[in-house]
>>> print(open('upload06.cif').read())   # mmCIF, C-alpha atoms (C1' of nucleotides)
data_entry
#
loop_
_atom_site.label_atom_id
_atom_site.label_comp_id
_atom_site.auth_asym_id
_atom_site.auth_seq_id
_atom_site.Cartn_x
_atom_site.Cartn_y
_atom_site.Cartn_z
CA MET A 1 124.77 115.24 78.92
CA ARG A 2 123.74 116.42 82.35
CA ALA A 3 120.68 114.19 82.27
CA ALA A 4 122.73 111.00 82.06
CA GLY A 5 124.61 111.80 85.23
CA ARG A 6 121.39 112.67 86.96
CA ASP A 7 119.81 109.39 85.94
CA ALA A 8 122.87 107.47 87.16
CA LEU A 9 122.56 109.25 90.47
CA ARG A 10 118.89 108.42 90.70
CA ALA A 11 119.67 104.79 89.95
CA THR A 12 122.22 104.71 92.75
CA VAL A 13 119.71 106.14 95.18
CA VAL A 14 116.98 103.73 94.07
CA ASP A 15 119.37 100.82 94.49
CA ALA A 16 120.27 101.91 98.00
CA ALA A 17 116.57 102.27 98.81
CA GLY A 18 115.95 98.77 97.49
CA GLU A 19 118.67 97.39 99.72
CA ILE A 20 117.23 99.04 102.79
CA LEU A 21 113.77 97.81 101.85
CA ALA A 22 115.00 94.27 101.41
CA LYS A 23 117.08 94.29 104.59
CA GLU A 24 114.92 96.22 107.01
CA GLY A 25 111.42 96.00 105.59
CA PRO A 26 109.07 98.78 104.58
CA ALA A 27 109.13 100.45 108.00
CA GLY A 28 112.90 100.69 107.85
CA LEU A 29 112.83 102.62 104.61
CA THR A 30 112.76 106.22 105.80
CA MET A 31 114.12 109.29 104.09
CA ARG A 32 116.52 109.89 106.96
CA ARG A 33 117.95 106.39 106.88
CA LEU A 34 118.31 106.47 103.14
CA ALA A 35 120.07 109.82 103.34
CA ALA A 36 122.39 108.48 106.04
CA ALA A 37 123.19 105.40 103.95
CA LEU A 38 124.08 107.66 101.04
CA GLY A 39 126.04 110.08 103.20
CA CYS A 40 123.88 113.07 102.37
CA THR A 41 120.93 114.85 103.87
CA THR A 42 117.24 114.48 103.16
CA THR A 43 117.22 117.77 101.29
CA VAL A 44 119.07 116.13 98.41
CA LEU A 45 116.50 113.35 98.22
CA TYR A 46 113.69 115.87 98.14
CA THR A 47 115.26 117.83 95.31
CA MET A 48 115.72 114.58 93.39
CA PHE A 49 112.37 112.90 94.06
CA ALA A 50 110.11 115.70 95.30
CA SER A 51 108.63 113.42 97.94
CA LYS A 52 108.77 109.92 99.32
CA GLN A 53 106.01 109.06 96.87
CA GLY A 54 108.36 110.06 94.10
CA LEU A 55 111.02 107.73 95.44
CA ILE A 56 108.51 104.90 95.76
CA ASP A 57 107.39 105.58 92.21
CA ALA A 58 110.98 105.23 90.98
CA MET A 59 111.33 101.95 92.89
CA TYR A 60 108.05 100.80 91.39
CA ARG A 61 109.43 101.42 87.90
CA GLU A 62 112.65 99.67 88.84
CA ALA A 63 110.69 96.62 89.97
CA PHE A 64 108.86 96.34 86.68
CA ASP A 65 112.00 97.01 84.68
CA ARG A 66 113.62 94.06 86.41
CA LEU A 67 110.68 91.84 85.54
CA THR A 68 110.83 93.04 81.96
CA ALA A 69 114.53 92.25 81.77
CA ARG A 70 114.00 88.75 83.15
CA MET A 71 111.23 88.02 80.72
CA ARG A 72 113.22 89.41 77.82
CA ALA A 73 116.15 87.17 78.75
CA ILE A 74 114.14 84.11 77.74
CA PRO A 75 115.65 82.82 74.48
CA HIS A 76 113.52 83.72 71.50
CA ASP A 77 114.51 80.69 69.51
CA ALA A 78 113.27 78.11 71.99
CA PRO A 79 110.01 76.28 71.26
CA PRO A 80 106.98 78.37 72.26
CA ALA A 81 105.83 75.90 74.89
CA GLU A 82 109.26 75.97 76.47
CA ARG A 83 109.37 79.75 76.40
CA LEU A 84 106.02 79.80 78.18
CA ARG A 85 107.30 77.42 80.83
CA LEU A 86 110.43 79.49 81.35
CA GLY A 87 108.30 82.62 81.60
CA GLY A 88 106.32 81.09 84.43
CA LEU A 89 109.49 80.14 86.28
CA ALA A 90 111.00 83.57 85.68
CA TYR A 91 107.99 85.38 87.10
CA ARG A 92 108.07 83.51 90.39
CA GLU A 93 111.84 83.62 90.62
CA ASN A 94 111.78 87.37 90.13
CA ALA A 95 109.17 87.80 92.85
CA LEU A 96 110.98 85.57 95.34
CA SER A 97 114.39 87.12 94.67
CA SER A 98 113.22 90.47 96.03
CA PRO A 99 109.86 89.96 97.69
CA GLN A 100 109.61 93.40 99.20
CA LEU A 101 110.18 95.10 95.88
CA TYR A 102 107.68 92.77 94.25
CA GLN A 103 105.07 93.49 96.88
CA LEU A 104 105.71 97.19 96.42
CA THR A 105 104.04 96.93 93.04
CA PHE A 106 100.87 95.52 94.54
CA GLY A 107 100.15 97.96 97.31
CA ALA A 108 102.14 96.50 100.17
CA ALA A 109 104.87 98.72 101.58
CA ALA A 110 103.18 101.74 100.05
CA PRO A 111 99.44 101.45 100.48
CA GLU A 112 98.73 104.99 99.44
CA HIS A 113 100.94 105.00 96.40
CA THR A 114 99.34 105.43 93.00
CA PRO A 115 101.82 104.94 90.18
CA GLY A 116 102.56 107.91 87.96
CA PRO A 117 102.33 107.83 84.16
CA GLU A 118 105.87 106.53 83.63
CA ALA A 119 105.40 103.90 86.30
CA ARG A 120 102.20 102.73 84.65
CA ALA A 121 104.01 102.60 81.35
CA ALA A 122 106.72 100.44 82.92
CA ALA A 123 104.03 98.11 84.24
CA GLU A 124 102.46 97.88 80.81
CA ALA A 125 105.83 97.29 79.20
CA SER A 126 106.58 94.38 81.51
CA LEU A 127 103.67 92.53 79.92
CA GLU A 128 105.04 92.83 76.39
CA PRO A 129 107.54 89.95 76.48
CA LEU A 130 104.83 87.57 77.69
CA ILE A 131 102.50 88.84 74.98
CA GLY A 132 105.21 87.97 72.49
CA ILE A 133 105.48 84.47 73.86
CA VAL A 134 101.72 84.03 73.80
CA GLN A 135 101.66 85.21 70.19
CA ALA A 136 104.31 82.63 69.37
CA CYS A 137 102.13 79.96 70.98
CA ILE A 138 99.19 81.10 68.86
CA ASP A 139 101.31 81.09 65.70
CA ALA A 140 102.53 77.60 66.54
CA GLY A 141 98.96 76.42 66.89
CA LEU A 142 99.28 75.70 70.60
CA PHE A 143 96.82 78.41 71.64
CA ARG A 144 93.52 79.41 70.12
CA PRO A 145 93.79 82.70 68.23
CA GLU A 146 92.46 85.03 70.91
CA ASP A 147 93.72 88.46 71.94
CA PRO A 148 97.29 87.75 73.15
CA ARG A 149 97.13 90.61 75.65
CA PHE A 150 94.04 89.12 77.22
CA ILE A 151 95.71 85.73 77.50
CA ALA A 152 98.88 87.27 78.93
CA GLN A 153 96.88 89.15 81.54
CA VAL A 154 95.08 86.02 82.65
CA LEU A 155 98.37 84.14 82.88
CA THR A 156 99.86 86.98 84.89
CA ALA A 157 96.90 86.97 87.24
CA ALA A 158 97.40 83.25 87.81
CA ALA A 159 101.09 83.62 88.54
CA HIS A 160 100.55 86.63 90.74
CA GLY A 161 97.77 84.97 92.71
CA ALA A 162 99.86 81.95 93.62
CA VAL A 163 103.01 83.92 94.36
CA SER A 164 101.10 86.48 96.38
CA LEU A 165 99.60 83.82 98.62
CA GLU A 166 103.05 82.31 99.00
CA LEU A 167 104.55 85.62 100.08
CA SER A 168 101.68 86.11 102.53
CA HIS A 169 102.60 82.74 104.05
CA TYR A 170 99.31 81.12 103.27
CA PHE A 171 101.05 77.91 102.35
CA TRP A 172 102.93 75.79 104.81
CA SER A 173 106.07 75.09 102.89
CA GLN A 174 107.91 76.27 99.85
CA ALA A 175 107.32 72.91 98.22
CA GLU A 176 103.58 73.28 98.61
CA ALA A 177 103.75 76.81 97.29
CA GLU A 178 105.70 75.69 94.25
CA GLN A 179 103.24 72.91 93.55
CA ARG A 180 100.25 75.24 93.75
CA TYR A 181 102.01 77.78 91.57
CA ALA A 182 102.81 75.21 88.89
CA THR A 183 99.31 73.75 89.00
CA LEU A 184 97.60 77.12 88.64
CA CYS A 185 99.90 78.35 85.88
CA ALA A 186 99.41 75.13 83.95
CA ALA A 187 95.65 75.36 84.44
CA ALA A 188 95.56 78.92 83.14
CA ALA A 189 97.63 78.02 80.08
CA GLN A 190 95.59 74.91 79.41
CA ALA A 191 92.46 77.03 79.19
CA PHE A 192 93.76 78.64 76.01
CA ALA A 193 95.04 75.47 74.36
CA ARG A 194 93.23 74.48 71.23
CA MET B 195 80.04 87.37 131.55
CA ARG B 196 82.42 90.22 131.47
CA ALA B 197 84.09 88.79 128.38
CA ALA B 198 80.96 89.22 126.26
CA GLY B 199 80.80 92.93 126.92
CA ARG B 200 84.50 93.25 126.23
CA ASP B 201 84.13 91.46 122.90
CA ALA B 202 81.22 93.69 121.95
CA LEU B 203 83.36 96.71 122.71
CA ARG B 204 86.21 95.34 120.64
CA ALA B 205 83.80 94.72 117.76
CA THR B 206 82.61 98.32 117.95
CA VAL B 207 86.16 99.60 117.83
CA VAL B 208 87.10 97.30 114.95
CA ASP B 209 84.04 98.46 113.03
CA ALA B 210 84.97 102.09 113.54
CA ALA B 211 88.51 101.34 112.43
CA GLY B 212 87.15 99.63 109.33
CA GLU B 213 85.07 102.68 108.49
CA ILE B 214 88.06 104.99 108.81
CA LEU B 215 90.14 102.62 106.70
CA ALA B 216 87.49 102.50 103.99
CA LYS B 217 86.88 106.24 104.04
CA GLU B 218 90.35 107.68 104.50
CA GLY B 219 92.69 104.92 103.41
CA PRO B 220 95.46 103.24 105.36
CA ALA B 221 97.30 106.46 106.13
CA GLY B 222 94.17 107.91 107.70
CA LEU B 223 93.85 105.07 110.16
CA THR B 224 95.81 106.35 113.13
CA MET B 225 95.31 105.57 116.78
CA ARG B 226 94.59 109.21 117.51
CA ARG B 227 91.92 109.51 114.83
CA LEU B 228 90.31 106.27 115.87
CA ALA B 229 90.26 107.41 119.47
CA ALA B 230 88.74 110.74 118.42
CA ALA B 231 86.07 108.98 116.36
CA LEU B 232 85.19 106.86 119.38
CA GLY B 233 85.29 109.79 121.79
CA CYS B 234 88.00 108.29 123.95
CA THR B 235 91.74 108.56 124.24
CA THR B 236 94.43 106.37 122.78
CA THR B 237 95.14 104.88 126.20
CA VAL B 238 91.88 102.94 125.98
CA LEU B 239 92.86 101.51 122.62
CA TYR B 240 96.22 100.45 123.95
CA THR B 241 94.68 98.66 126.93
CA MET B 242 92.30 96.88 124.56
CA PHE B 243 94.69 95.99 121.72
CA ALA B 244 98.16 96.40 123.22
CA SER B 245 99.43 98.03 120.04
CA LYS B 246 98.38 99.11 116.60
CA GLN B 247 99.51 95.69 115.40
CA GLY B 248 96.95 94.20 117.77
CA LEU B 249 94.24 96.35 116.24
CA ILE B 250 95.32 95.41 112.73
CA ASP B 251 95.29 91.79 113.78
CA ALA B 252 91.70 92.11 114.97
CA MET B 253 90.74 93.75 111.67
CA TYR B 254 92.53 90.96 109.83
CA ARG B 255 90.39 88.41 111.65
CA GLU B 256 87.27 90.43 110.95
CA ALA B 257 88.10 90.46 107.24
CA PHE B 258 88.39 86.69 107.12
CA ASP B 259 85.32 86.21 109.27
CA ARG B 260 83.34 88.22 106.73
CA LEU B 261 84.64 86.06 103.91
CA THR B 262 83.78 82.94 105.88
CA ALA B 263 80.25 84.22 106.47
CA ARG B 264 79.75 84.99 102.77
CA MET B 265 80.97 81.59 101.71
CA ARG B 266 78.85 79.85 104.33
CA ALA B 267 75.78 81.70 103.09
CA ILE B 268 75.90 79.75 99.83
CA PRO B 269 72.98 77.28 99.94
CA HIS B 270 74.14 73.77 100.70
CA ASP B 271 71.35 72.12 98.73
CA ALA B 272 72.23 73.69 95.38
CA PRO B 273 74.00 71.58 92.77
CA PRO B 274 77.77 71.43 93.41
CA ALA B 275 78.65 73.19 90.16
CA GLU B 276 76.30 76.02 91.03
CA ARG B 277 77.72 76.27 94.54
CA LEU B 278 81.18 76.55 93.02
CA ARG B 279 80.06 79.31 90.68
CA LEU B 280 78.40 81.21 93.54
CA GLY B 281 81.56 80.80 95.59
CA GLY B 282 83.59 82.46 92.88
CA LEU B 283 81.17 85.36 92.68
CA ALA B 284 81.07 85.69 96.47
CA TYR B 285 84.84 85.89 96.74
CA ARG B 286 85.14 88.79 94.33
CA GLU B 287 82.07 90.54 95.67
CA ASN B 288 83.48 90.35 99.17
CA ALA B 289 86.79 91.80 98.06
CA LEU B 290 85.21 94.64 96.08
CA SER B 291 82.72 95.52 98.81
CA SER B 292 85.54 96.53 101.15
CA PRO B 293 88.75 96.66 99.16
CA GLN B 294 90.91 98.19 101.86
CA LEU B 295 89.95 95.52 104.36
CA TYR B 296 90.54 92.84 101.76
CA GLN B 297 93.97 94.22 100.93
CA LEU B 298 94.77 94.34 104.61
CA THR B 299 94.90 90.56 104.57
CA PHE B 300 97.56 90.54 101.86
CA GLY B 301 100.10 92.96 103.20
CA ALA B 302 98.79 96.27 101.94
CA ALA B 303 97.91 98.80 104.60
CA ALA B 304 100.05 96.92 107.10
CA PRO B 305 103.23 95.76 105.43
CA GLU B 306 104.93 94.79 108.65
CA HIS B 307 102.00 92.92 110.10
CA THR B 308 102.34 89.21 110.71
CA PRO B 309 99.04 87.65 111.75
CA GLY B 310 98.84 86.14 115.21
CA PRO B 311 97.68 82.58 115.91
CA GLU B 312 93.99 83.44 116.06
CA ALA B 313 94.24 85.49 112.90
CA ARG B 314 95.91 82.61 111.11
CA ALA B 315 93.18 80.32 112.37
CA ALA B 316 90.56 82.69 110.98
CA ALA B 317 92.35 82.65 107.64
CA GLU B 318 92.43 78.86 107.66
CA ALA B 319 88.77 78.71 108.65
CA SER B 320 87.75 80.89 105.74
CA LEU B 321 88.91 78.14 103.41
CA GLU B 322 86.66 75.50 104.96
CA PRO B 323 83.41 76.39 103.18
CA LEU B 324 85.16 76.20 99.82
CA ILE B 325 86.72 72.89 100.78
CA GLY B 326 83.20 71.64 101.50
CA ILE B 327 82.03 72.74 98.08
CA VAL B 328 85.02 71.13 96.41
CA GLN B 329 84.32 67.91 98.29
CA ALA B 330 80.75 68.03 97.03
CA CYS B 331 82.08 68.41 93.49
CA ILE B 332 84.29 65.38 93.99
CA ASP B 333 81.43 63.37 95.43
CA ALA B 334 79.24 64.34 92.48
CA GLY B 335 81.93 63.13 90.08
CA LEU B 336 82.64 66.59 88.70
CA PHE B 337 86.16 66.75 90.10
CA ARG B 338 88.86 64.11 90.23
CA PRO B 339 89.32 62.74 93.75
CA GLU B 340 92.31 64.81 94.82
CA ASP B 341 92.97 66.56 98.13
CA PRO B 342 90.07 69.03 98.42
CA ARG B 343 92.23 71.45 100.41
CA PHE B 344 94.77 71.54 97.62
CA ILE B 345 92.08 72.21 95.05
CA ALA B 346 90.51 74.89 97.21
CA GLN B 347 93.86 76.63 97.65
CA VAL B 348 94.50 76.69 93.92
CA LEU B 349 91.03 78.06 93.29
CA THR B 350 91.61 80.72 95.94
CA ALA B 351 94.94 81.66 94.37
CA ALA B 352 93.20 82.09 91.04
CA ALA B 353 90.47 84.27 92.46
CA HIS B 354 92.89 86.30 94.52
CA GLY B 355 95.26 86.85 91.62
CA ALA B 356 92.59 88.29 89.37
CA VAL B 357 90.96 90.40 92.06
CA SER B 358 94.31 91.65 93.29
CA LEU B 359 95.29 92.90 89.84
CA GLU B 360 91.88 94.50 89.56
CA LEU B 361 92.31 96.36 92.84
CA SER B 362 95.78 97.47 91.77
CA HIS B 363 94.16 98.98 88.67
CA TYR B 364 96.04 96.80 86.22
CA PHE B 365 92.93 96.43 84.12
CA TRP B 366 91.35 99.28 82.28
CA SER B 367 87.71 98.74 83.14
CA GLN B 368 85.58 96.81 85.54
CA ALA B 369 84.16 94.85 82.63
CA GLU B 370 87.62 93.71 81.60
CA ALA B 371 88.45 92.83 85.19
CA GLU B 372 85.29 90.78 85.51
CA GLN B 373 86.03 88.92 82.29
CA ARG B 374 89.57 88.06 83.34
CA TYR B 375 88.34 86.99 86.76
CA ALA B 376 85.72 84.69 85.30
CA THR B 377 88.13 83.24 82.76
CA LEU B 378 90.82 82.48 85.31
CA CYS B 379 88.41 80.99 87.85
CA ALA B 380 86.87 78.78 85.19
CA ALA B 381 90.32 77.73 84.00
CA ALA B 382 91.38 76.77 87.52
CA ALA B 383 88.22 74.76 88.10
CA GLN B 384 88.47 73.08 84.71
CA ALA B 385 91.91 71.79 85.63
CA PHE B 386 90.36 69.52 88.27
CA ALA B 387 87.44 68.31 86.19
CA ARG B 388 87.47 64.63 85.36
"C1'" DA C 389 85.82 105.67 156.70
"C1'" DT C 390 89.93 104.03 154.79
"C1'" DT C 391 92.70 101.50 152.06
"C1'" DG C 392 93.69 99.59 147.78
"C1'" DT C 393 92.95 98.52 142.96
"C1'" DG C 394 92.06 99.22 138.21
"C1'" DC C 395 91.22 102.33 134.58
"C1'" DT C 396 91.82 106.76 132.04
"C1'" DA C 397 93.34 111.48 130.72
"C1'" DT C 398 97.48 114.28 130.25
"C1'" DA C 399 101.68 114.98 128.53
"C1'" DA C 400 105.83 113.58 127.04
"C1'" DC C 401 109.58 110.86 124.05
"C1'" DG C 402 111.58 109.63 119.83
"C1'" DC C 403 110.47 108.97 115.41
"C1'" DT C 404 108.41 110.19 110.75
"C1'" DG C 405 107.77 113.25 106.16
"C1'" DT C 406 108.44 117.78 104.83
"C1'" DT C 407 110.15 122.51 104.41
"C1'" DA C 408 111.81 127.35 105.62
"C1'" DT C 409 116.04 129.46 106.64
"C1'" DC C 410 120.56 130.27 106.07
"C1'" DG C 411 125.20 129.72 104.50
"C1'" DT C 412 128.32 128.57 100.87
"C1'" DA C 413 130.48 127.33 96.63
"C1'" DG C 414 130.80 128.28 92.00
"C1'" DT C 415 129.94 130.88 87.72
"C1'" DC C 416 129.40 134.92 84.94
"C1'" DG C 417 130.35 139.72 83.77
"C1'" DA C 418 133.39 143.87 84.16
"C1'" DT D 419 140.90 140.13 89.79
"C1'" DC D 420 136.94 141.33 91.89
"C1'" DG D 421 132.11 141.49 92.80
"C1'" DA D 422 127.39 139.93 92.24
"C1'" DC D 423 124.27 136.50 91.30
"C1'" DT D 424 122.66 131.76 91.22
"C1'" DA D 425 122.00 127.25 92.72
"C1'" DC D 426 122.36 123.87 95.93
"C1'" DG D 427 122.90 121.62 100.51
"C1'" DA D 428 123.07 121.49 105.73
"C1'" DT D 429 120.57 122.85 109.93
"C1'" DA D 430 116.80 122.99 112.36
"C1'" DA D 431 112.18 123.37 112.86
"C1'" DC D 432 106.93 121.89 112.41
"C1'" DA D 433 103.07 118.90 112.72
"C1'" DG D 434 101.79 114.39 113.29
"C1'" DC D 435 102.73 109.47 114.28
"C1'" DG D 436 102.99 105.12 117.79
"C1'" DT D 437 103.80 104.46 122.37
"C1'" DT D 438 104.21 105.03 127.38
"C1'" DA D 439 105.23 107.07 132.14
"C1'" DT D 440 102.89 109.83 135.32
"C1'" DA D 441 99.23 111.11 137.89
"C1'" DG D 442 94.43 111.40 139.15
"C1'" DC D 443 89.94 109.45 139.85
"C1'" DA D 444 86.17 106.19 140.68
"C1'" DC D 445 84.82 102.28 142.89
"C1'" DA D 446 85.16 97.75 145.74
"C1'" DA D 447 86.62 95.61 150.03
"C1'" DT D 448 87.76 95.76 154.86
#
>>> encode(input="upload06.cif", output="structure tokens")
Amino acid sequence: MRAAGRDALRATVVDAAGEILAKEGPAGLTMRRLAAALGCTTTVLYTMFASKQGLIDAMYREAFDRLTARMRAIPHDAPPAERLRLGGLAYRENALSSPQLYQLTFGAAAPEHTPGPEARAAAEASLEPLIGIVQACIDAGLFRPEDPRFIAQVLTAAAHGAVSLELSHYFWSQAEAEQRYATLCAAAAQAFAR
Amino acid sequence: MRAAGRDALRATVVDAAGEILAKEGPAGLTMRRLAAALGCTTTVLYTMFASKQGLIDAMYREAFDRLTARMRAIPHDAPPAERLRLGGLAYRENALSSPQLYQLTFGAAAPEHTPGPEARAAAEASLEPLIGIVQACIDAGLFRPEDPRFIAQVLTAAAHGAVSLELSHYFWSQAEAEQRYATLCAAAAQAFAR
DNA sequence: ATTGTGCTATAACGCTGTTATCGTAGTCGA
DNA sequence: TCGACTACGATAACAGCGTTATAGCACAAT
């Protein structure tokens, strides 16, 4: 079971990197600072992650895993409409709780980064819980019977658009941002109602 | 009129920076490379823009000015619904025609950058043409009489969300991206129909 | 002609990601 | 128990980054 210990180590490092990112911003996240925070040298980081890209890729996966966990935490036995509402709230809450990590998954903080296969898989997986909720809405007769993945992607685009503008400070207040987020999410959902 | 010549110079530099950004990506846009491309030294750039942030800020404004120009180019005498449709197409076309510049305005390629006052004004100004179109839709009885700025912001969030996911390669093909974009934009607009 | 002023090239500083070199600890075989 | 081999980490270096202090040069004013 050497792999388990290695994965635990990687998780520790990724957590520390996330803390630095949240506290000091993308420019503060350097291999040297991370190594110093962990009490080791950069050599260790390079043997673990091969490059800074590799570290970013691991953080990228972590970000999507968090989203997946939040979406999965929505009770399955609630009414479909309520699950959908909670999903919308969870998405924004997740983004606002660690904005830098969220933005990492959309190019900011790592403009050059292209996610690796596992990272892409994590991104895909994060959509699954919402697809399940959408399917429940279809089964309950709330939504028209279209491709649930398609619907989930459109809903995600709506949520992301509003939250992305909020994080870029294109709205004046948090209240305005919340209102625009709710309006757009509701509009997107309404488009699939039968 | 010394200022005119200075502004022309700045425009030349910003254009060159935009070309490097488009061709080599964010990491390729360095002060040294830009200076080399222009046949001068970095000192000149620093007297013109004070810092790389200043250069980014100028590019940020340029990006929004382009969007403003595209939106203004939509014929004013077309039917409001058609103007709205053209606006949606123009937004995505603008983003796809220079993706790196577009992403610059949402944190990518310059995570630390916070737009200055003039840049923020340019961003605000880019919303005005759409606000005009929305107002026309209200006047024509297509939209409910709500705050046109609010409506325009929600529409922008919709368009941005879909195009942002597309640029982050979260869709498999351009056809899929286009379909999701159209669906979400239509859904957002439909929410304000009377 | 001389002084002064503004602009630019040179070169440097501290930082970055990355890696070659070297030393060391720990394991395996005799 | 001893020696050799292996694997890993610390040190220090390299090229390149944003930025700036220094120094020189061209040109306007007196």
>>> residues_around(input="upload06.cif", residues="DT404 (chain C)", least_positions_apart="3", cutoff="9 Å", atoms="only C-alpha atoms (C1' of nucleotides)", output="list in words")
Thr30, Met31 and Arg32 of chain A; DG434 and DC435 of chain D
>>> atom_distance(input="upload06.cif", atom1="CA of Arg338 (chain B)", atom2="CA of Arg388 (chain B)")
5.1 Å
>>> interface_residues(input="upload06.cif", of="chain C", to="chain B", cutoff="9 Å", atoms="all atoms listed in the file", output="MDAnalysis selection string")
chainID C and resid 395:397
>>> write_last_selection(input="upload06.cif", atoms="C-alpha atoms (C1' of nucleotides)", output="compact mmCIF listing (two decimals), keeping the file's coordinate frame")
# COMPACT_ATOMS: atom_id res chain seq x y z
C1' DC C 395 91.22 102.33 134.58
C1' DT C 396 91.82 106.76 132.04
C1' DA C 397 93.34 111.48 130.72
>>> residues_around(input="upload06.cif", residues="Gln329 (chain B)", least_positions_apart="5", cutoff="9 Å", atoms="only C-alpha atoms (C1' of nucleotides)", output="mmCIF file with C-alpha atoms, keeping the file's coordinate frame")
data_model
loop_
_atom_site.group_PDB
_atom_site.id
_atom_site.type_symbol
_atom_site.label_atom_id
_atom_site.label_comp_id
_atom_site.auth_asym_id
_atom_site.auth_seq_id
_atom_site.Cartn_x
_atom_site.Cartn_y
_atom_site.Cartn_z
ATOM 1 C CA PRO B 274 77.770 71.430 93.410
ATOM 2 C CA LEU B 324 85.160 76.200 99.820
ATOM 3 C CA ALA B 334 79.240 64.340 92.480
ATOM 4 C CA PHE B 337 86.160 66.750 90.100
ATOM 5 C CA PRO B 339 89.320 62.740 93.750
ATOM 6 C CA ASP B 341 92.970 66.560 98.130
ATOM 7 C CA PRO B 342 90.070 69.030 98.420
ATOM 8 C CA ARG B 343 92.230 71.450 100.410
#
>>> resolve_selection(input="upload06.cif", expression="the PyMOL selection byres ((chain C and resi 414) around 9)", output="JSON, numbers by chain")
{"C": [413, 415], "D": [424, 425]}
>>> atom_distance(input="upload06.cif", atom1="CA of Leu55 (chain A)", atom2="CA of Thr68 (chain A)")
19.9 Å
>>> residues_around(input="upload06.cif", residues="DA430 (chain D)", least_positions_apart="4", cutoff="12 Å", atoms="only C-alpha atoms (C1' of nucleotides)", output="VMD selection string")
chain C and resid 407 to 410
>>> closest_atom_pairs(input="upload06.cif", of="chain B", to="chain A", cutoff="8 Å", atoms="all atoms listed in the file", output="CSV")
residue,atom,partner,partner_atom,distance
B:Gly219,CA,A:Glu112,CA,7.2
B:Pro220,CA,A:Pro111,CA,6.5
B:Ala221,CA,A:Glu112,CA,7.0
B:Phe300,CA,A:Ser168,CA,6.1
B:Gly301,CA,A:Ala108,CA,5.1
B:Ala302,CA,A:Ala108,CA,3.8
B:Ala303,CA,A:Pro111,CA,5.1
B:Ala304,CA,A:Ala108,CA,7.3
B:Pro305,CA,A:Ala109,CA,5.1
B:Glu306,CA,A:Pro26,CA,7.0
B:Phe344,CA,A:Arg180,CA,7.7
B:Gln347,CA,A:Arg180,CA,7.6
B:Val348,CA,A:Arg180,CA,5.9
B:Ala351,CA,A:Gly161,CA,4.7
B:Ala352,CA,A:Ala158,CA,5.4
B:Ala353,CA,A:Gly161,CA,7.3
B:His354,CA,A:Gly161,CA,5.4
B:Gly355,CA,A:Gly161,CA,3.3
B:Ala356,CA,A:Ala157,CA,5.0
B:Ser358,CA,A:Gly161,CA,7.5
B:Leu359,CA,A:Ala157,CA,6.7
B:Ser362,CA,A:Phe106,CA,6.1
B:Arg374,CA,A:Val154,CA,5.9
B:Tyr375,CA,A:Val154,CA,8.0
B:Thr377,CA,A:Val154,CA,7.5
B:Leu378,CA,A:Val154,CA,6.1
B:Ala381,CA,A:Ala191,CA,5.3
B:Ala382,CA,A:Ala187,CA,5.5
B:Gln384,CA,A:Ala187,CA,7.5
B:Ala385,CA,A:Ala187,CA,5.3
>>> write_last_selection(input="upload06.cif", atoms="C-alpha atoms", output="PDB file, in the frame of the given file")
ATOM      1  CA  GLY B 219      92.690 104.920 103.410  1.00  0.00           C
ATOM      2  CA  PRO B 220      95.460 103.240 105.360  1.00  0.00           C
ATOM      3  CA  ALA B 221      97.300 106.460 106.130  1.00  0.00           C
ATOM      4  CA  PHE B 300      97.560  90.540 101.860  1.00  0.00           C
ATOM      5  CA  GLY B 301     100.100  92.960 103.200  1.00  0.00           C
ATOM      6  CA  ALA B 302      98.790  96.270 101.940  1.00  0.00           C
ATOM      7  CA  ALA B 303      97.910  98.800 104.600  1.00  0.00           C
ATOM      8  CA  ALA B 304     100.050  96.920 107.100  1.00  0.00           C
ATOM      9  CA  PRO B 305     103.230  95.760 105.430  1.00  0.00           C
ATOM     10  CA  GLU B 306     104.930  94.790 108.650  1.00  0.00           C
ATOM     11  CA  PHE B 344      94.770  71.540  97.620  1.00  0.00           C
ATOM     12  CA  GLN B 347      93.860  76.630  97.650  1.00  0.00           C
ATOM     13  CA  VAL B 348      94.500  76.690  93.920  1.00  0.00           C
ATOM     14  CA  ALA B 351      94.940  81.660  94.370  1.00  0.00           C
ATOM     15  CA  ALA B 352      93.200  82.090  91.040  1.00  0.00           C
ATOM     16  CA  ALA B 353      90.470  84.270  92.460  1.00  0.00           C
ATOM     17  CA  HIS B 354      92.890  86.300  94.520  1.00  0.00           C
ATOM     18  CA  GLY B 355      95.260  86.850  91.620  1.00  0.00           C
ATOM     19  CA  ALA B 356      92.590  88.290  89.370  1.00  0.00           C
ATOM     20  CA  SER B 358      94.310  91.650  93.290  1.00  0.00           C
ATOM     21  CA  LEU B 359      95.290  92.900  89.840  1.00  0.00           C
ATOM     22  CA  SER B 362      95.780  97.470  91.770  1.00  0.00           C
ATOM     23  CA  ARG B 374      89.570  88.060  83.340  1.00  0.00           C
ATOM     24  CA  TYR B 375      88.340  86.990  86.760  1.00  0.00           C
ATOM     25  CA  THR B 377      88.130  83.240  82.760  1.00  0.00           C
ATOM     26  CA  LEU B 378      90.820  82.480  85.310  1.00  0.00           C
ATOM     27  CA  ALA B 381      90.320  77.730  84.000  1.00  0.00           C
ATOM     28  CA  ALA B 382      91.380  76.770  87.520  1.00  0.00           C
ATOM     29  CA  GLN B 384      88.470  73.080  84.710  1.00  0.00           C
ATOM     30  CA  ALA B 385      91.910  71.790  85.630  1.00  0.00           C
TER      31      ALA B 385
END
>>> atom_distance(input="upload06.cif", atom1="C1' of DC426 (chain D)", atom2="CA of Arg33 (chain A)")
21.1 Å
